[in-house]
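Enquirer: Just dropping this structure here.
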Amino acid sequence: MSDVEIRLTVNGRSYVGRCEPRKLLVDFLREDLGLTGTHIGCEHGICGACTILVDGAAARSCLMFAVQAEGAQLVTVEGLANNGELNPLQQAFHRHHALQCGFCTPGMLIAATDFLRLNPSPTRDEIREGLSAVLCRCTGYRNIVDAVEAAAAAMRAEPP
Ligand code: FES
Ligand code: FES
């Protein structure tokens, strides 16, 4: 099948590229744009490792074709830091040791970003439920919940 043109914005930068219509968005990000921070686990929507923001909302990049992101604004884990400085959520993950192997971490950070946008003052149960779509096989989740809770408090304390 012949390649088609695709235009999209990733982490504030515009890209124009070509790819096969059947190419998954996660593969386009990793192989064509070199953004390997987004991980591939199951490739069928279960694990959440491939989660990115599509027009501000969390989405599985393994369940989209790249061409479906035509014209969209995407954010991957590489886009979370501010001028090379970890954002409050990333700092909280670091401080609370919210990762072990790190495989789930990009998806977890992106899912938590969207979750905190929708619920800036979550309870611990809400955090558990809000992140339940991303699977972590190492941490037992407790430190992740601690980190998201701490990040929520830090973000609420930030000047608007
Ligand atoms: S790789 Fe997309 S949900 Fe697992
Ligand atoms: S830290 Fe290993 S899968 Fe979550």
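Following the order of the structure tokens, first chain is A, next is B, and so on, with residues numbered from 1 inside each chain and ligands from 1 in the order they appear.
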Neighbouring residues of A:Leu29 were defined as those with any atom within 9 Å, considering only C-alpha atoms; residues of the same chain fewer than 4 positions away were excluded. Please report them as a ChimeraX atom specification.
Expert: /A:10,24-25,33-36,38,61,66,76
Enquirer: Could you write those residues out with all heavy atoms, as a PDB file, in the first residue's frame?
Expert:
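File again.pdb, as written:
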```
ATOM      1  N   VAL A  10       3.735  17.299  17.596  1.00  0.00           N
ATOM      2  CA  VAL A  10       4.116  16.457  18.728  1.00  0.00           C
ATOM      3  C   VAL A  10       5.004  17.272  19.657  1.00  0.00           C
ATOM      4  O   VAL A  10       6.039  17.805  19.232  1.00  0.00           O
ATOM      5  CB  VAL A  10       4.868  15.190  18.273  1.00  0.00           C
ATOM      6  CG1 VAL A  10       5.118  14.265  19.472  1.00  0.00           C
ATOM      7  CG2 VAL A  10       4.103  14.452  17.199  1.00  0.00           C
ATOM      8  N   LEU A  24       0.700   1.898  12.806  1.00  0.00           N
ATOM      9  CA  LEU A  24       0.161   2.336  14.094  1.00  0.00           C
ATOM     10  C   LEU A  24       0.823   3.631  14.531  1.00  0.00           C
ATOM     11  O   LEU A  24       2.004   3.878  14.255  1.00  0.00           O
ATOM     12  CB  LEU A  24       0.398   1.263  15.160  1.00  0.00           C
ATOM     13  CG  LEU A  24      -0.326  -0.068  14.964  1.00  0.00           C
ATOM     14  CD1 LEU A  24       0.079  -1.061  16.048  1.00  0.00           C
ATOM     15  CD2 LEU A  24      -1.838   0.134  14.955  1.00  0.00           C
ATOM     16  N   LEU A  25       0.054   4.428  15.281  1.00  0.00           N
ATOM     17  CA  LEU A  25       0.600   5.701  15.750  1.00  0.00           C
ATOM     18  C   LEU A  25       1.821   5.477  16.639  1.00  0.00           C
ATOM     19  O   LEU A  25       2.811   6.206  16.545  1.00  0.00           O
ATOM     20  CB  LEU A  25      -0.495   6.482  16.495  1.00  0.00           C
ATOM     21  CG  LEU A  25      -0.105   7.830  17.068  1.00  0.00           C
ATOM     22  CD1 LEU A  25       0.460   8.760  15.995  1.00  0.00           C
ATOM     23  CD2 LEU A  25      -1.313   8.478  17.753  1.00  0.00           C
ATOM     24  N   LEU A  33       9.607   9.244  14.111  1.00  0.00           N
ATOM     25  CA  LEU A  33       9.967  10.487  14.796  1.00  0.00           C
ATOM     26  C   LEU A  33      11.052  10.266  15.847  1.00  0.00           C
ATOM     27  O   LEU A  33      11.541  11.231  16.434  1.00  0.00           O
ATOM     28  CB  LEU A  33       8.736  11.127  15.453  1.00  0.00           C
ATOM     29  CG  LEU A  33       7.553  11.441  14.515  1.00  0.00           C
ATOM     30  CD1 LEU A  33       6.497  12.253  15.254  1.00  0.00           C
ATOM     31  CD2 LEU A  33       8.001  12.150  13.249  1.00  0.00           C
ATOM     32  N   GLY A  34      11.414   9.022  16.120  1.00  0.00           N
ATOM     33  CA  GLY A  34      12.484   8.745  17.078  1.00  0.00           C
ATOM     34  C   GLY A  34      12.095   9.007  18.521  1.00  0.00           C
ATOM     35  O   GLY A  34      12.973   9.132  19.387  1.00  0.00           O
ATOM     36  N   LEU A  35      10.791   9.075  18.790  1.00  0.00           N
ATOM     37  CA  LEU A  35      10.326   9.350  20.157  1.00  0.00           C
ATOM     38  C   LEU A  35      10.045   8.010  20.845  1.00  0.00           C
ATOM     39  O   LEU A  35       8.903   7.565  20.970  1.00  0.00           O
ATOM     40  CB  LEU A  35       9.083  10.247  20.109  1.00  0.00           C
ATOM     41  CG  LEU A  35       9.346  11.642  19.537  1.00  0.00           C
ATOM     42  CD1 LEU A  35       8.036  12.374  19.297  1.00  0.00           C
ATOM     43  CD2 LEU A  35      10.238  12.449  20.469  1.00  0.00           C
ATOM     44  N   THR A  36      11.113   7.391  21.315  1.00  0.00           N
ATOM     45  CA  THR A  36      11.012   6.033  21.846  1.00  0.00           C
ATOM     46  C   THR A  36      10.604   6.001  23.316  1.00  0.00           C
ATOM     47  O   THR A  36      10.547   4.927  23.909  1.00  0.00           O
ATOM     48  CB  THR A  36      12.354   5.294  21.671  1.00  0.00           C
ATOM     49  OG1 THR A  36      13.389   6.090  22.280  1.00  0.00           O
ATOM     50  CG2 THR A  36      12.670   5.067  20.209  1.00  0.00           C
ATOM     51  N   THR A  38       7.664   6.557  24.372  1.00  0.00           N
ATOM     52  CA  THR A  38       6.375   5.867  24.384  1.00  0.00           C
ATOM     53  C   THR A  38       6.629   4.384  24.149  1.00  0.00           C
ATOM     54  O   THR A  38       7.225   4.000  23.141  1.00  0.00           O
ATOM     55  CB  THR A  38       5.449   6.428  23.283  1.00  0.00           C
ATOM     56  OG1 THR A  38       5.252   7.821  23.534  1.00  0.00           O
ATOM     57  CG2 THR A  38       4.097   5.730  23.309  1.00  0.00           C
ATOM     58  N   SER A  61      -1.902   4.817  21.913  1.00  0.00           N
ATOM     59  CA  SER A  61      -1.364   5.035  20.566  1.00  0.00           C
ATOM     60  C   SER A  61      -1.197   3.732  19.795  1.00  0.00           C
ATOM     61  O   SER A  61      -0.887   3.758  18.605  1.00  0.00           O
ATOM     62  CB  SER A  61      -0.041   5.807  20.619  1.00  0.00           C
ATOM     63  OG  SER A  61       0.923   5.126  21.381  1.00  0.00           O
ATOM     64  N   ALA A  66      -1.521   5.990  12.565  1.00  0.00           N
ATOM     65  CA  ALA A  66      -0.878   7.303  12.539  1.00  0.00           C
ATOM     66  C   ALA A  66      -1.723   8.303  11.746  1.00  0.00           C
ATOM     67  O   ALA A  66      -1.871   9.463  12.146  1.00  0.00           O
ATOM     68  CB  ALA A  66       0.527   7.187  11.941  1.00  0.00           C
ATOM     69  N   THR A  76       3.832  13.397  24.136  1.00  0.00           N
ATOM     70  CA  THR A  76       4.416  12.140  24.605  1.00  0.00           C
ATOM     71  C   THR A  76       5.204  12.436  25.880  1.00  0.00           C
ATOM     72  O   THR A  76       5.345  13.599  26.278  1.00  0.00           O
ATOM     73  CB  THR A  76       5.371  11.551  23.551  1.00  0.00           C
ATOM     74  OG1 THR A  76       6.502  12.409  23.427  1.00  0.00           O
ATOM     75  CG2 THR A  76       4.667  11.396  22.206  1.00  0.00           C
TER      76      THR A  76
END
```
Enquirer: If we count only C-alpha atoms and set the cut-off at 12 Å, which residues sit around A:Asn119, ignoring sequence neighbours fewer than 4 positions away in its own chain? Please answer as a CSV table (one decimal) with N, CA, C and O atoms, in the first residue's frame.
Expert:
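After the write, selection.csv holds the following:
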```csv
chain,number,residue,atom,x,y,z
A,111,ALA,N,-1.0,9.1,31.7
A,111,ALA,CA,-2.3,8.9,32.2
A,111,ALA,C,-2.6,9.7,33.4
A,111,ALA,O,-3.7,10.3,33.6
A,112,ALA,N,-1.6,9.9,34.3
A,112,ALA,CA,-1.7,10.7,35.5
A,112,ALA,C,-1.9,12.2,35.1
A,112,ALA,O,-2.6,12.9,35.8
A,113,THR,N,-1.2,12.6,34.1
A,113,THR,CA,-1.4,14.0,33.6
A,113,THR,C,-2.8,14.3,33.3
A,113,THR,O,-3.4,15.3,33.7
A,114,ASP,N,-3.4,13.4,32.5
A,114,ASP,CA,-4.8,13.6,32.1
A,114,ASP,C,-5.7,13.5,33.3
A,114,ASP,O,-6.7,14.3,33.5
A,115,PHE,N,-5.4,12.5,34.2
A,115,PHE,CA,-6.3,12.3,35.3
A,115,PHE,C,-6.3,13.5,36.2
A,115,PHE,O,-7.3,14.0,36.7
A,123,THR,N,-8.9,11.7,45.8
A,123,THR,CA,-8.6,10.8,46.9
A,123,THR,C,-7.7,9.7,46.4
A,123,THR,O,-7.5,9.5,45.2
A,124,ARG,N,-7.2,8.9,47.4
A,124,ARG,CA,-6.3,7.8,47.0
A,124,ARG,C,-7.1,6.8,46.2
A,124,ARG,O,-6.6,6.2,45.2
A,126,GLU,N,-9.6,7.4,44.3
A,126,GLU,CA,-9.8,7.9,42.9
A,126,GLU,C,-8.5,7.8,42.1
A,126,GLU,O,-8.6,7.6,40.9
A,127,ILE,N,-7.4,8.0,42.7
A,127,ILE,CA,-6.1,7.8,42.0
A,127,ILE,C,-6.0,6.4,41.5
A,127,ILE,O,-5.6,6.1,40.3
A,129,GLU,N,-8.3,4.2,40.9
A,129,GLU,CA,-9.2,3.9,39.8
A,129,GLU,C,-8.8,4.7,38.6
A,129,GLU,O,-8.9,4.1,37.5
A,130,GLY,N,-8.4,5.9,38.7
A,130,GLY,CA,-8.0,6.7,37.6
A,130,GLY,C,-6.8,6.2,36.8
A,130,GLY,O,-6.7,6.4,35.6
A,131,LEU,N,-5.9,5.5,37.5
A,131,LEU,CA,-4.8,4.9,36.8
A,131,LEU,C,-4.9,3.4,36.5
A,131,LEU,O,-3.9,2.8,36.1
A,148,VAL,N,1.4,10.4,42.8
A,148,VAL,CA,0.3,11.2,42.2
A,148,VAL,C,-0.4,12.1,43.2
A,148,VAL,O,-0.7,13.3,43.0
A,149,GLU,N,-0.6,11.6,44.4
A,149,GLU,CA,-1.2,12.4,45.5
A,149,GLU,C,-0.3,13.6,45.8
A,149,GLU,O,-0.8,14.7,46.0
A,152,ALA,N,-0.4,16.1,43.0
A,152,ALA,CA,-1.6,16.9,43.0
A,152,ALA,C,-1.5,18.0,44.0
A,152,ALA,O,-1.9,19.2,43.7
A,153,ALA,N,-1.0,17.7,45.2
A,153,ALA,CA,-0.9,18.8,46.2
A,153,ALA,C,0.1,19.9,45.7
A,153,ALA,O,-0.1,21.1,45.9
A,155,MET,N,0.8,20.7,42.6
A,155,MET,CA,0.3,21.5,41.5
A,155,MET,C,-0.8,22.4,42.0
A,155,MET,O,-1.0,23.5,41.5
A,156,ARG,N,-1.6,22.0,43.0
A,156,ARG,CA,-2.6,22.9,43.6
A,156,ARG,C,-1.9,24.1,44.2
A,156,ARG,O,-2.5,25.2,44.2
```
Enquirer: Quick one: residues within 7 Å of ligand 2, with only C-alpha atoms and all ligand atoms, as a list in words?
Expert: Leu99, Gln100, Cys101, Gly102, Phe103, Cys104, Thr105, Leu135, Cys136, Arg137, Cys138 and Thr139 of chain A
Enquirer: Please, could you write that set of residues out with all heavy atoms as a compact mmCIF listing (two decimals), in the first residue's frame?
Expert:
```
# COMPACT_ATOMS: atom_id res chain seq x y z
N LEU A 99 8.66 3.93 40.50
CA LEU A 99 8.97 3.04 39.38
C LEU A 99 10.07 2.09 39.79
O LEU A 99 10.86 2.38 40.69
CB LEU A 99 9.41 3.83 38.15
CG LEU A 99 10.65 4.69 38.31
CD1 LEU A 99 11.54 4.56 37.10
CD2 LEU A 99 10.26 6.14 38.53
N GLN A 100 10.07 0.97 39.10
CA GLN A 100 11.19 0.04 39.27
C GLN A 100 11.84 -0.18 37.91
O GLN A 100 12.82 0.46 37.59
CB GLN A 100 10.72 -1.25 39.94
CG GLN A 100 10.40 -1.00 41.42
CD GLN A 100 9.99 -2.25 42.16
OE1 GLN A 100 10.37 -3.36 41.82
NE2 GLN A 100 9.20 -2.09 43.20
N CYS A 101 11.26 -1.02 37.06
CA CYS A 101 11.88 -1.21 35.74
C CYS A 101 11.64 -0.01 34.84
O CYS A 101 12.39 0.24 33.91
CB CYS A 101 11.39 -2.48 35.07
SG CYS A 101 9.75 -2.34 34.32
N GLY A 102 10.55 0.74 35.10
CA GLY A 102 10.27 1.93 34.31
C GLY A 102 9.47 1.68 33.05
O GLY A 102 9.16 2.63 32.32
N PHE A 103 9.13 0.42 32.77
CA PHE A 103 8.46 0.17 31.49
C PHE A 103 7.10 0.84 31.42
O PHE A 103 6.71 1.37 30.38
CB PHE A 103 8.32 -1.34 31.24
CG PHE A 103 7.92 -1.63 29.84
CD1 PHE A 103 8.85 -1.64 28.82
CD2 PHE A 103 6.59 -1.84 29.51
CE1 PHE A 103 8.48 -1.86 27.51
CE2 PHE A 103 6.20 -2.07 28.20
CZ PHE A 103 7.15 -2.08 27.20
N CYS A 104 6.37 0.83 32.52
CA CYS A 104 5.03 1.42 32.51
C CYS A 104 5.07 2.94 32.67
O CYS A 104 4.04 3.61 32.51
CB CYS A 104 4.18 0.83 33.64
SG CYS A 104 4.72 1.37 35.30
N THR A 105 6.21 3.47 33.06
CA THR A 105 6.28 4.85 33.55
C THR A 105 5.82 5.89 32.53
O THR A 105 5.07 6.81 32.91
CB THR A 105 7.69 5.16 34.07
OG1 THR A 105 8.07 4.14 34.99
CG2 THR A 105 7.74 6.50 34.78
N LEU A 135 -1.06 -0.77 33.42
CA LEU A 135 -0.61 -1.90 34.24
C LEU A 135 0.87 -1.74 34.60
O LEU A 135 1.69 -1.42 33.73
CB LEU A 135 -0.81 -3.21 33.48
CG LEU A 135 -2.24 -3.48 33.00
CD1 LEU A 135 -2.30 -4.85 32.33
CD2 LEU A 135 -3.23 -3.40 34.15
N CYS A 136 1.16 -1.96 35.87
CA CYS A 136 2.55 -1.97 36.34
C CYS A 136 2.81 -3.35 36.93
O CYS A 136 2.07 -3.81 37.78
CB CYS A 136 2.77 -0.90 37.40
SG CYS A 136 4.43 -0.97 38.10
N ARG A 137 3.87 -3.98 36.46
CA ARG A 137 4.13 -5.34 36.95
C ARG A 137 5.18 -5.35 38.05
O ARG A 137 5.58 -6.41 38.51
CB ARG A 137 4.52 -6.25 35.78
CG ARG A 137 5.83 -5.93 35.15
CD ARG A 137 5.93 -6.46 33.73
NE ARG A 137 5.33 -5.51 32.81
CZ ARG A 137 5.29 -5.66 31.50
NH1 ARG A 137 5.78 -6.73 30.95
NH2 ARG A 137 4.73 -4.74 30.73
N CYS A 138 5.66 -4.16 38.47
CA CYS A 138 6.76 -4.14 39.45
C CYS A 138 6.40 -3.55 40.80
O CYS A 138 6.77 -4.09 41.83
CB CYS A 138 7.93 -3.31 38.93
SG CYS A 138 8.54 -3.79 37.32
N THR A 139 5.73 -2.43 40.82
CA THR A 139 5.76 -1.59 42.03
C THR A 139 4.71 -1.95 43.06
O THR A 139 4.82 -1.54 44.21
CB THR A 139 5.52 -0.12 41.67
OG1 THR A 139 4.21 0.00 41.10
CG2 THR A 139 6.55 0.40 40.69
```
Enquirer: Return as a ChimeraX atom specification every polymer residue, whether protein, DNA or RNA, with at least one atom no more than 6 Å from an atom of ligand 1; count only C-alpha atoms and all ligand atoms.
Expert: /A:40-50,60,62
Enquirer: Within 6 Å of A:Leu53, counting only C-alpha atoms, which residues qualify if same-chain residues fewer than 4 places away don't, as a PyMOL selection string?
Expert: chain A and resi 57-59+74-75
Enquirer: Looking at only C-alpha atoms, which of A:Gln68, A:Tyr141, A:Ser14, A:Ala154 is the one that sits closest to A:Ala92?
Expert: A:Ala154
Enquirer: Quick one: pick out all alpha helix (DSSP H) residues within chain A from a backbone DSSP run and write them as a ChimeraX atom specification.
Expert: /A:25-27,88-95,105-118,124-130,142-157
Enquirer: From the set A:Val4, A:Val134, A:Leu86, A:Cys19, which residue has the shortest atom-to-atom contact distance to A:Thr51, counting only C-alpha atoms?
Expert: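 The shortest atom-to-atom distance to A:Thr51 comes from A:Val134.
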Enquirer: Skip A:Glu20 itself and residues of its chain fewer than 6 positions away, then list as a list of chain:residue names all residues within 10 Å of it, counting only C-alpha atoms.
Expert: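 Once the adjacent positions are removed, what remains is A:Met1, A:Ser2, A:Asp3, A:Val4, A:Glu5, A:Ile6, A:Phe28, A:Phe65, A:Ala66, A:Val67.
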Enquirer: Could you tell me how far atom CA of A:Arg18 lies from atom CA of A:Asp32, in Å and to one decimal?
Expert: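 Between these atoms lies a distance of 9.0 Å.
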